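Source file: final_15.cif (mmCIF, C-alpha atoms)
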```
data_model
#
loop_
_atom_site.label_atom_id
_atom_site.label_comp_id
_atom_site.auth_asym_id
_atom_site.auth_seq_id
_atom_site.Cartn_x
_atom_site.Cartn_y
_atom_site.Cartn_z
CA MET A 1 161.77 -48.22 60.38
CA VAL A 2 160.09 -50.19 63.14
CA ALA A 3 156.36 -50.89 63.52
CA THR A 4 155.08 -51.69 66.97
CA ASN A 5 151.92 -51.92 69.00
CA SER A 6 151.74 -51.79 72.78
CA THR A 7 153.50 -55.11 73.28
CA ASN A 8 155.35 -56.20 70.14
CA THR A 9 157.64 -55.11 67.38
CA TYR A 10 156.12 -56.76 64.36
CA ILE A 11 157.91 -55.20 61.39
CA VAL A 12 161.61 -54.53 61.57
CA ALA A 13 163.96 -52.96 59.03
CA PRO A 14 167.58 -52.33 59.96
CA THR A 15 169.71 -49.66 58.35
CA THR A 16 170.24 -51.96 55.36
CA TRP A 17 166.44 -51.97 54.85
CA GLU A 18 165.71 -55.65 54.60
CA VAL A 19 162.28 -56.08 56.19
CA THR A 20 161.60 -58.86 58.68
CA MET A 21 158.40 -59.76 60.49
CA PRO A 22 159.41 -61.58 63.67
CA LYS A 23 155.81 -62.19 64.74
CA GLN A 24 154.58 -63.54 61.39
CA PRO A 25 153.50 -67.21 61.77
CA SER A 26 155.86 -69.47 59.84
CA PHE A 27 157.05 -73.01 60.37
CA CYS A 28 159.03 -75.86 58.83
CA ALA A 29 159.56 -79.46 59.95
CA THR A 30 160.88 -82.69 58.48
CA ILE A 31 160.15 -86.29 59.37
CA GLY A 32 162.06 -87.46 62.41
CA GLY A 33 162.59 -90.98 61.08
CA ALA A 34 161.09 -93.43 58.64
CA GLN A 35 157.39 -94.19 59.10
CA ASP A 36 156.85 -97.76 58.02
CA ASN A 37 153.81 -99.53 56.54
CA VAL A 38 151.50 -96.54 56.76
CA THR A 39 149.28 -97.01 53.73
CA GLY A 40 148.82 -98.91 50.45
CA ASP A 41 145.59 -100.73 51.23
CA GLY A 42 143.39 -97.64 51.42
CA THR A 43 144.43 -96.67 54.93
CA GLY A 44 144.60 -92.91 55.43
CA TYR A 45 147.69 -91.78 57.33
CA GLU A 46 148.40 -88.43 58.93
CA CYS A 47 152.02 -87.65 58.01
CA GLN A 48 154.30 -87.06 60.99
CA PHE A 49 156.94 -84.33 60.78
CA THR A 50 158.57 -84.51 64.20
CA SER A 51 161.88 -82.78 63.52
CA GLU A 52 161.11 -79.09 63.83
CA ILE A 53 163.40 -76.76 61.89
CA MET A 54 161.71 -73.54 62.95
CA ASP A 55 158.37 -72.39 64.29
CA GLN A 56 157.98 -68.64 64.45
CA GLY A 57 154.93 -67.98 66.61
CA GLY A 58 154.80 -71.42 68.22
CA ASP A 59 151.79 -72.65 66.25
CA TYR A 60 153.17 -75.99 65.05
CA ASP A 61 152.68 -78.84 67.51
CA GLY A 62 156.01 -80.50 66.77
CA THR A 63 154.32 -83.62 65.40
CA SER A 64 151.95 -83.05 62.50
CA ARG A 65 149.54 -80.17 63.02
CA PHE A 66 149.69 -76.40 62.56
CA THR A 67 147.04 -74.35 64.35
CA ALA A 68 146.38 -71.05 62.58
CA PRO A 69 146.72 -68.21 65.11
CA VAL A 70 144.71 -65.78 62.95
CA THR A 71 142.29 -66.13 60.08
CA GLY A 72 144.23 -65.45 56.92
CA VAL A 73 145.66 -66.71 53.67
CA TYR A 74 148.52 -69.14 54.14
CA PHE A 75 151.03 -70.70 51.77
CA ILE A 76 151.60 -74.33 52.66
CA THR A 77 153.92 -76.83 51.04
CA VAL A 78 154.24 -80.53 51.74
CA ALA A 79 156.68 -83.06 50.32
CA VAL A 80 156.64 -86.76 51.14
CA ARG A 81 159.08 -89.37 49.84
CA VAL A 82 157.38 -92.73 49.73
CA ASP A 83 159.02 -96.13 49.39
CA GLN A 84 157.80 -99.68 48.61
CA VAL A 85 155.16 -98.50 46.18
CA GLU A 86 153.56 -101.47 44.47
CA ALA A 87 152.44 -101.85 40.85
CA ALA A 88 148.88 -102.44 41.99
CA MET A 89 148.64 -99.01 43.62
CA THR A 90 147.06 -97.15 40.75
CA GLN A 91 145.27 -94.55 42.82
CA GLY A 92 146.27 -92.36 45.73
CA TYR A 93 145.91 -89.01 47.40
CA LEU A 94 147.90 -86.45 49.26
CA LYS A 95 145.29 -84.63 51.26
CA PHE A 96 145.38 -81.15 52.83
CA ASP A 97 143.03 -81.05 55.79
CA GLY A 98 141.84 -78.08 57.80
CA ILE A 99 141.88 -75.45 55.04
CA SER A 100 138.77 -73.68 53.76
CA ASN A 101 137.97 -76.62 51.52
CA THR A 102 139.81 -79.89 52.04
CA GLN A 103 141.96 -80.48 48.97
CA TYR A 104 142.96 -83.80 47.49
CA TYR A 105 145.96 -84.08 45.20
CA ARG A 106 145.16 -87.15 43.18
CA LEU A 107 147.93 -89.25 41.72
CA SER A 108 148.77 -92.70 40.42
CA PRO A 109 151.53 -94.04 42.70
CA ALA A 110 152.31 -97.00 40.43
CA ASN A 111 153.05 -94.68 37.52
CA PHE A 112 155.13 -92.25 39.55
CA ARG A 113 157.47 -94.77 41.18
CA ASP A 114 161.06 -95.23 40.03
CA SER A 115 163.07 -98.45 39.74
CA ALA A 116 163.55 -98.46 43.52
CA ASP A 117 159.76 -98.25 44.02
CA GLU A 118 160.08 -94.71 45.39
CA PHE A 119 158.96 -91.24 44.47
CA VAL A 120 158.44 -87.82 46.05
CA ILE A 121 155.01 -86.22 46.20
CA ARG A 122 155.13 -82.42 46.41
CA ALA A 123 152.14 -80.16 46.65
CA ASN A 124 151.53 -76.53 47.50
CA VAL A 125 148.42 -74.62 48.29
CA VAL A 126 147.46 -71.03 48.99
CA ALA A 127 144.40 -71.25 51.18
CA LYS A 128 142.35 -69.51 53.78
CA ILE A 129 142.64 -71.02 57.25
CA THR A 130 140.34 -69.86 60.00
CA ALA A 131 141.85 -68.87 63.34
CA ALA A 132 142.31 -71.88 65.66
CA SER A 133 141.69 -74.41 62.88
CA GLU A 134 144.28 -77.16 62.51
CA PHE A 135 146.04 -77.89 59.25
CA TYR A 136 147.68 -81.26 58.55
CA ALA A 137 148.62 -83.47 55.60
CA SER A 138 147.76 -87.11 55.05
CA ILE A 139 148.39 -89.73 52.39
CA GLN A 140 146.21 -92.57 51.23
CA PHE A 141 147.19 -95.15 48.59
CA PHE A 142 144.75 -97.78 47.37
CA SER A 143 144.61 -101.27 45.83
CA GLY A 144 147.82 -102.72 47.29
CA ASN A 145 149.20 -103.87 50.60
CA LYS A 146 149.87 -101.74 53.64
CA VAL A 147 153.62 -101.61 53.01
CA VAL A 148 154.29 -98.02 51.92
CA ASP A 149 156.89 -96.18 54.00
CA ILE A 150 157.60 -92.46 54.37
CA VAL A 151 161.36 -92.00 54.28
CA ASN A 152 164.19 -89.48 54.08
CA ALA A 153 164.17 -86.30 56.12
CA GLU A 154 165.81 -84.32 53.29
CA SER A 155 162.88 -85.08 50.98
CA SER A 156 159.94 -85.21 53.38
CA TYR A 157 158.90 -81.96 54.97
CA ILE A 158 156.08 -79.58 55.71
CA SER A 159 156.27 -75.81 55.80
CA GLY A 160 153.89 -72.92 55.88
CA THR A 161 153.66 -69.19 56.33
CA LEU A 162 150.99 -66.52 56.66
CA LEU A 163 150.87 -64.51 53.45
CA CYS A 164 148.18 -61.94 54.16
CA MET B 165 143.84 -82.45 86.04
CA LYS B 166 141.45 -79.53 85.71
CA THR B 167 138.14 -79.27 83.90
CA TYR B 168 137.33 -76.10 82.01
CA HIS B 169 133.63 -75.66 82.56
CA ILE B 170 132.52 -73.28 79.86
CA LEU B 171 128.82 -73.61 80.48
CA GLY B 172 126.26 -71.37 78.88
CA HIS B 173 127.81 -71.02 75.48
CA LYS B 174 125.07 -71.66 72.98
CA ILE B 175 124.86 -71.42 69.24
CA SER B 176 121.86 -71.27 66.93
CA GLU B 177 120.62 -73.97 64.58
CA SER B 178 121.88 -72.04 61.54
CA ASP B 179 125.26 -71.59 63.21
CA GLN B 180 125.42 -75.34 63.61
CA LYS B 181 124.34 -75.97 59.97
CA ALA B 182 126.93 -73.55 58.61
CA PHE B 183 129.61 -75.17 60.77
CA ASP B 184 128.55 -78.65 59.63
CA HIS B 185 128.74 -77.51 56.02
CA PHE B 186 132.49 -76.84 56.15
CA TYR B 187 133.73 -79.25 58.82
CA GLY B 188 133.66 -82.98 59.33
CA ASN B 189 133.57 -82.64 63.10
CA THR B 190 131.37 -81.02 65.71
CA PRO B 191 131.90 -77.56 67.24
CA ASN B 192 132.83 -79.38 70.44
CA ASP B 193 135.55 -81.44 68.73
CA TRP B 194 136.74 -78.38 66.86
CA THR B 195 137.00 -76.46 70.14
CA ARG B 196 138.95 -79.31 71.71
CA SER B 197 141.54 -79.12 68.92
CA ALA B 198 141.60 -75.30 69.14
CA LEU B 199 142.25 -75.54 72.88
CA LYS B 200 145.08 -77.98 72.18
CA GLY B 201 146.57 -75.46 69.75
CA MET B 202 146.28 -72.66 72.30
CA ILE B 203 148.06 -74.77 74.92
CA ASN B 204 150.80 -75.61 72.44
CA LYS B 205 151.31 -71.96 71.54
CA ALA B 206 151.33 -70.86 75.17
CA LYS B 207 153.83 -73.58 76.14
CA LYS B 208 156.20 -72.92 73.24
CA ASN B 209 156.19 -69.16 73.65
CA ILE B 210 156.76 -69.31 77.40
CA ILE B 211 159.68 -71.70 76.93
CA ARG B 212 161.11 -69.74 74.01
CA VAL B 213 161.13 -66.44 75.86
CA TRP B 214 161.97 -67.60 79.36
CA PHE B 215 163.94 -70.84 79.19
CA ASP B 216 167.43 -69.33 78.94
CA TYR B 217 166.75 -67.03 81.87
CA TYR B 218 165.29 -69.92 83.86
CA ARG B 219 168.31 -72.10 83.08
CA SER B 220 170.72 -69.39 84.17
CA LYS B 221 169.08 -69.40 87.61
CA GLN B 222 169.27 -73.18 88.12
CA THR B 223 172.05 -75.09 89.81
CA LYS B 224 170.55 -78.56 89.45
CA GLU B 225 169.52 -80.65 86.46
CA ILE B 226 166.55 -79.20 84.58
CA SER B 227 163.51 -81.27 83.71
CA MET B 228 162.11 -80.71 80.22
CA ASP B 229 158.79 -82.27 81.19
CA PRO B 230 156.32 -79.40 80.66
CA ALA B 231 154.37 -80.50 83.75
CA ILE B 232 157.47 -79.54 85.77
CA LEU B 233 159.10 -76.92 83.56
CA ILE B 234 156.12 -74.65 82.88
CA PRO B 235 155.04 -74.21 86.53
CA ALA B 236 158.70 -73.64 87.49
CA ILE B 237 159.16 -70.91 84.88
CA ILE B 238 155.89 -69.22 85.76
CA ALA B 239 156.79 -69.29 89.46
CA MET B 240 160.09 -67.46 88.85
CA ASP B 241 160.52 -64.00 90.28
CA GLY B 242 160.16 -61.51 87.47
CA PHE B 243 158.12 -63.75 85.15
CA HIS B 244 155.59 -61.84 83.11
CA SER B 245 153.79 -62.42 79.85
CA GLY B 246 152.39 -60.28 77.06
CA LYS B 247 148.86 -61.50 77.87
CA TYR B 248 147.93 -62.29 74.28
CA ASP B 249 144.57 -60.93 73.21
CA PRO B 250 143.01 -60.77 69.74
CA ASP B 251 142.71 -57.28 68.28
CA GLU B 252 139.72 -58.24 66.19
CA LYS B 253 136.32 -59.24 67.59
CA ARG B 254 133.80 -60.81 65.31
CA SER B 255 130.37 -62.35 65.87
CA PRO B 256 128.11 -64.07 63.36
CA GLU B 257 124.94 -62.38 62.15
CA ARG B 258 122.01 -64.06 63.89
CA VAL B 259 118.26 -63.66 63.99
CA GLU B 260 117.61 -67.10 65.48
CA SER B 261 117.90 -67.64 69.19
CA GLN B 262 120.89 -69.58 70.43
CA THR B 263 119.52 -72.83 71.81
CA ILE B 264 122.23 -75.44 71.22
CA GLU B 265 124.58 -75.87 74.18
CA ILE B 266 127.89 -77.09 72.77
CA TRP B 267 130.34 -77.07 75.67
CA ALA B 268 128.20 -78.71 78.33
CA ASP B 269 130.86 -81.20 79.46
CA GLY B 270 133.73 -78.74 79.64
CA PHE B 271 137.26 -79.70 78.66
CA GLU B 272 139.75 -81.71 80.66
CA ILE B 273 143.19 -80.15 80.79
CA GLU B 274 146.28 -80.69 82.93
CA ASP B 275 147.13 -78.26 85.73
CA TRP B 276 150.28 -77.07 83.95
CA GLU B 277 148.26 -76.47 80.78
CA ASP B 278 145.86 -74.29 82.74
CA LEU B 279 148.81 -72.36 84.17
CA ALA B 280 150.32 -71.88 80.71
CA LEU B 281 147.04 -70.68 79.23
CA LYS B 282 146.46 -68.18 82.02
CA ALA B 283 150.04 -66.93 81.79
CA PHE B 284 150.04 -66.43 78.03
CA TYR B 285 146.49 -65.31 77.22
CA LYS B 286 144.69 -62.37 78.73
CA ASP B 287 141.53 -64.49 79.07
CA PRO B 288 141.78 -68.04 77.67
CA ILE B 289 138.06 -68.77 77.75
CA ALA B 290 137.21 -65.48 76.06
CA MET B 291 139.84 -66.32 73.46
CA LEU B 292 138.29 -69.72 72.84
CA LYS B 293 134.84 -68.17 72.48
CA TYR B 294 136.25 -65.59 70.10
CA PHE B 295 137.85 -68.31 67.97
CA LEU B 296 134.58 -70.24 67.72
CA GLU B 297 132.38 -67.20 67.09
CA ASN B 298 134.84 -65.95 64.48
CA ASN B 299 134.82 -69.34 62.80
CA ILE B 300 131.03 -69.57 62.76
CA ALA B 301 130.82 -66.03 61.35
CA ILE B 302 133.12 -67.00 58.51
CA CYS B 303 131.26 -70.28 57.84
CA LYS B 304 127.91 -68.45 57.68
CA LYS B 305 129.26 -65.74 55.41
CA ASP B 306 130.93 -68.25 53.08
CA LEU B 307 127.86 -70.49 52.94
CA TYR B 308 125.63 -67.51 52.20
CA GLU B 309 127.96 -66.49 49.36
CA ALA B 310 127.75 -70.05 47.99
CA ILE B 311 123.95 -69.95 48.20
CA LYS B 312 123.89 -66.66 46.28
CA LYS B 313 125.82 -68.35 43.47
CA ASP B 314 123.39 -71.30 43.32
CA LYS B 315 121.45 -70.79 40.09
CA SER B 316 118.56 -73.01 41.24
CA TYR B 317 117.22 -70.14 43.37
CA THR B 318 115.02 -67.40 41.96
CA THR B 319 114.85 -65.57 45.27
CA ILE B 320 117.15 -65.70 48.27
CA SER B 321 116.29 -64.34 51.67
CA PRO B 322 118.43 -61.36 52.70
CA ILE B 323 118.41 -62.87 56.20
CA ILE B 324 121.37 -65.23 56.36
CA ASP B 325 119.77 -67.62 58.86
CA GLU B 326 116.69 -68.06 56.69
CA ALA B 327 118.73 -68.60 53.53
CA ILE B 328 120.85 -71.25 55.26
CA GLN B 329 117.81 -73.12 56.65
CA THR B 330 116.20 -73.18 53.21
CA HIS B 331 119.38 -74.36 51.54
CA VAL B 332 120.24 -77.21 53.91
CA SER B 333 116.68 -78.57 53.75
CA LYS B 334 116.95 -79.20 49.99
CA VAL B 335 116.87 -82.91 49.14
CA GLU B 336 120.01 -82.75 47.00
CA TYR B 337 121.96 -80.70 49.57
CA LYS B 338 125.52 -81.83 50.30
CA THR B 339 128.08 -80.35 52.65
CA ALA B 340 131.34 -78.95 51.28
CA TYR B 341 133.04 -81.77 53.13
CA GLU B 342 131.04 -84.36 51.19
CA GLU B 343 132.09 -82.77 47.91
CA PRO B 344 135.84 -82.19 48.19
CA ILE B 345 137.63 -80.29 45.48
CA GLU B 346 139.94 -82.60 43.52
CA ILE B 347 143.02 -81.32 41.78
CA GLY B 348 145.10 -83.64 39.63
CA LEU B 349 148.86 -83.29 39.89
#
```

What is this structure when it is put down as structure tokens?
Amino acid sequence: MVATNSTNTYIVAPTTWEVTMPKQPSFCATIGGAQDNVTGDGTGYECQFTSEIMDQGGDYDGTSRFTAPVTGVYFITVAVRVDQVEAAMTQGYLKFDGISNTQYYRLSPANFRDSADEFVIRANVVAKITAASEFYASIQFFSGNKVVDIVNAESSYISGTLLC
Amino acid sequence: MKTYHILGHKISESDQKAFDHFYGNTPNDWTRSALKGMINKAKKNIIRVWFDYYRSKQTKEISMDPAILIPAIIAMDGFHSGKYDPDEKRSPERVESQTIEIWADGFEIEDWEDLALKAFYKDPIAMLKYFLENNIAICKKDLYEAIKKDKSYTTISPIIDEAIQTHVSKVEYKTAYEEPIEIGL
């Protein structure tokens, strides 16, 4: 079974009947290297994911932003491993920008950190994104010094896909 | 460098209010970022589809600078593109006249970006207008739905523009952007 319009094959099932959608927007990227001293003192920082794993549709800019090609409901997941979290940092956010309503995932960095002053923030959202709007993730920790780093490509990534 | 002069595109006051309600930037800034996304998509798709073929035809070192690579690919014999065009067309409901010019200064883009846009999209400017109009339509519809749920109203105008103007003139009115949803982990 193959579904096509005048220019594209957009649903494909081979004889074994697994269905693929080669035109469905979908992307994944990890950080390219550590990003040092990005927040801690209330500075908001747009997380950079410069190592692109895949980008079906070509809608991810290779740095930090995904531009929705069509208005639809998207599943987005972001994970960020932070280092050098201080005891004073009792409030922080991971923020999803560009979706129908900006969403803040509130957390207490000081309480999440391990003995190495690190932890991984993970958050998912299913949200409507309007065609041509940009989605990106940012972090903002308060009440400490601007010493927090984003580290580890295996733990820090962004991915998203169009659901419907 | 090339300037896209997209003069004559106007929106209404209610369009602007609905846009302001959901975004922290202006329609002009939003368009600038949308144009950037269109350029990115055009560039990546042209390279993805055509780079291997282009490389097979080259005998010298290949530059990966898009300012060199994109024009070279597009100039190849046999190059063609799908001429991307949205299937859906959507315009916001309006009773007000469109008086606010939002793209008066145009948009500066590089020559290779202009080439990429024209190669990938059927009509880049029409696409950009479609994106904005579609976005405004959604903002107006969503804001009107929010107004209908506001229990402080006893009557709500069936005309979307009127309902929006009434709502945004309330003293206690706040944009969605000023009242973000907070979700604790």

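Distance check against Gly62 in chain A using only C-alpha atoms: of A:Thr30, A:Thr90, A:Asn37, A:Ser138, the minimum falls on A:Thr30.
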
- Query: Applied to this file, what does the PyMOL selection byres ((chain B and resi 180) around 12) return in terms of residues, put as a VMD selection string?
  - Reply: chain B and resid 174 to 179 181 to 187 189 to 192 256 258 260 262 to 266 296 to 297 299 to 301 303 to 304 307 325 328 to 329 332

- Query: For the file shown, what are the residues hit by the PyMOL selection byres ((chain A) within 7 of (chain B)), laid out as a PyMOL selection string?
  - Reply: chain A and resi 7+58-59+61+67+101-107+130-133

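Shortest atom-to-atom contact with Ile232 in chain B among B:Pro288, B:Asp314, B:Glu326, B:Ala280: B:Ala280, counting all atoms listed in the file.
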
Ref. answer, residues at most 7 Å from (153.9, -80.0, 57.5) with all atoms listed in the file, as a short mmCIF file (atom, residue, chain, number, x, y, z; two decimals) with C-alpha atoms, keeping the file's coordinate frame:
```cif
data_model
loop_
_atom_site.label_atom_id
_atom_site.label_comp_id
_atom_site.auth_asym_id
_atom_site.auth_seq_id
_atom_site.Cartn_x
_atom_site.Cartn_y
_atom_site.Cartn_z
CA CYS A 28 159.03 -75.86 58.83
CA ALA A 29 159.56 -79.46 59.95
CA PHE A 49 156.94 -84.33 60.78
CA SER A 64 151.95 -83.05 62.50
CA VAL A 78 154.24 -80.53 51.74
CA TYR A 136 147.68 -81.26 58.55
CA ALA A 137 148.62 -83.47 55.60
CA TYR A 157 158.90 -81.96 54.97
CA ILE A 158 156.08 -79.58 55.71
CA SER A 159 156.27 -75.81 55.80
#
```

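Across the model, the gap from CA of Leu94 in chain A to CA of Ala123 in chain A is 8.0 Å.
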
- Query: Which polymer residues, protein or nucleic acid, are no farther than 8 Å from (162.1, -89.2, 44.9), counting all atoms listed in the file, as an MDAnalysis selection string?
  - Reply: chainID A and resid 81:82 114 118:121 155

Give me a file of those residues, with C-alpha atoms, as a CSV table (one decimal), in the frame of the given file.
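To be explicit, this is the file written out as part21.csv:
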```csv
chain,number,residue,atom,x,y,z
A,81,ARG,CA,159.1,-89.4,49.8
A,82,VAL,CA,157.4,-92.7,49.7
A,114,ASP,CA,161.1,-95.2,40.0
A,118,GLU,CA,160.1,-94.7,45.4
A,119,PHE,CA,159.0,-91.2,44.5
A,120,VAL,CA,158.4,-87.8,46.0
A,121,ILE,CA,155.0,-86.2,46.2
A,155,SER,CA,162.9,-85.1,51.0
```

Tell me, as a PDB file with C-alpha atoms, in the coordinates of the input, which residues lie within 12 Å of Leu233 in chain B, counting all atoms listed in the file; anything in the same chain fewer than 3 positions away does not count.
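In the end it all went to part17.pdb:
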```
ATOM      1  CA  LYS B 207     153.830 -73.580  76.140  1.00  0.00           C
ATOM      2  CA  LYS B 208     156.200 -72.920  73.240  1.00  0.00           C
ATOM      3  CA  ILE B 210     156.760 -69.310  77.400  1.00  0.00           C
ATOM      4  CA  ILE B 211     159.680 -71.700  76.930  1.00  0.00           C
ATOM      5  CA  TRP B 214     161.970 -67.600  79.360  1.00  0.00           C
ATOM      6  CA  PHE B 215     163.940 -70.840  79.190  1.00  0.00           C
ATOM      7  CA  TYR B 218     165.290 -69.920  83.860  1.00  0.00           C
ATOM      8  CA  ARG B 219     168.310 -72.100  83.080  1.00  0.00           C
ATOM      9  CA  GLN B 222     169.270 -73.180  88.120  1.00  0.00           C
ATOM     10  CA  GLU B 225     169.520 -80.650  86.460  1.00  0.00           C
ATOM     11  CA  ILE B 226     166.550 -79.200  84.580  1.00  0.00           C
ATOM     12  CA  SER B 227     163.510 -81.270  83.710  1.00  0.00           C
ATOM     13  CA  MET B 228     162.110 -80.710  80.220  1.00  0.00           C
ATOM     14  CA  ASP B 229     158.790 -82.270  81.190  1.00  0.00           C
ATOM     15  CA  PRO B 230     156.320 -79.400  80.660  1.00  0.00           C
ATOM     16  CA  ALA B 236     158.700 -73.640  87.490  1.00  0.00           C
ATOM     17  CA  ILE B 237     159.160 -70.910  84.880  1.00  0.00           C
ATOM     18  CA  ILE B 238     155.890 -69.220  85.760  1.00  0.00           C
ATOM     19  CA  ALA B 239     156.790 -69.290  89.460  1.00  0.00           C
ATOM     20  CA  MET B 240     160.090 -67.460  88.850  1.00  0.00           C
ATOM     21  CA  TRP B 276     150.280 -77.070  83.950  1.00  0.00           C
ATOM     22  CA  GLU B 277     148.260 -76.470  80.780  1.00  0.00           C
ATOM     23  CA  LEU B 279     148.810 -72.360  84.170  1.00  0.00           C
ATOM     24  CA  ALA B 280     150.320 -71.880  80.710  1.00  0.00           C
TER      25      ALA B 280
END
```

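Under the PyMOL selection byres ((chain A and resi 11) around 8), the matching residues in the shown file are A:Val2, A:Ala3, A:Thr4, A:Thr9, A:Tyr10, A:Val12, A:Ala13, A:Val19, A:Thr20, A:Met21, A:Pro22.
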
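The shortest atom-to-atom distance to Gln91 in chain A, with only C-alpha atoms taken into account, belongs to A:Ile139 out of A:Ile139, A:Ala34, A:Ile76, A:Ile150.
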
- Task: Write out as a ChimeraX atom specification the residues lying within 12 Å of Tyr317 in chain B, counting all atoms listed in the file and excluding same-chain residues fewer than 4 positions away.
- Result: /B:310-313,321,327,330-331,334

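With only C-alpha atoms as the atoms that count, the minimum distance from Val73 in chain A to the choices A:Thr161, A:Thr16, A:Gln56, A:Ser26 is reached by A:Thr161.
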
- Message: What's the separation between CA of Trp267 in chain B and CA of Ala290 in chain B, in Å to one decimal place?
- Response: 13.5 Å

- Item | One-decimal distance in Å that lies between CA of Asn111 in chain A and CA of Met89 in chain A | 8.7 Å

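Each of B:Val259, B:Ile273, B:Ile323, B:Phe284 was checked against Val213 in chain B using all atoms listed in the file; the smallest atom-to-atom distance is that of B:Phe284.
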
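Comparing the minimum interatomic distances between Lys253 in chain B and each of B:Lys293, B:Lys286, B:Asp241, B:Ser316, counting all atoms listed in the file, we find that B:Lys293 sits nearest.
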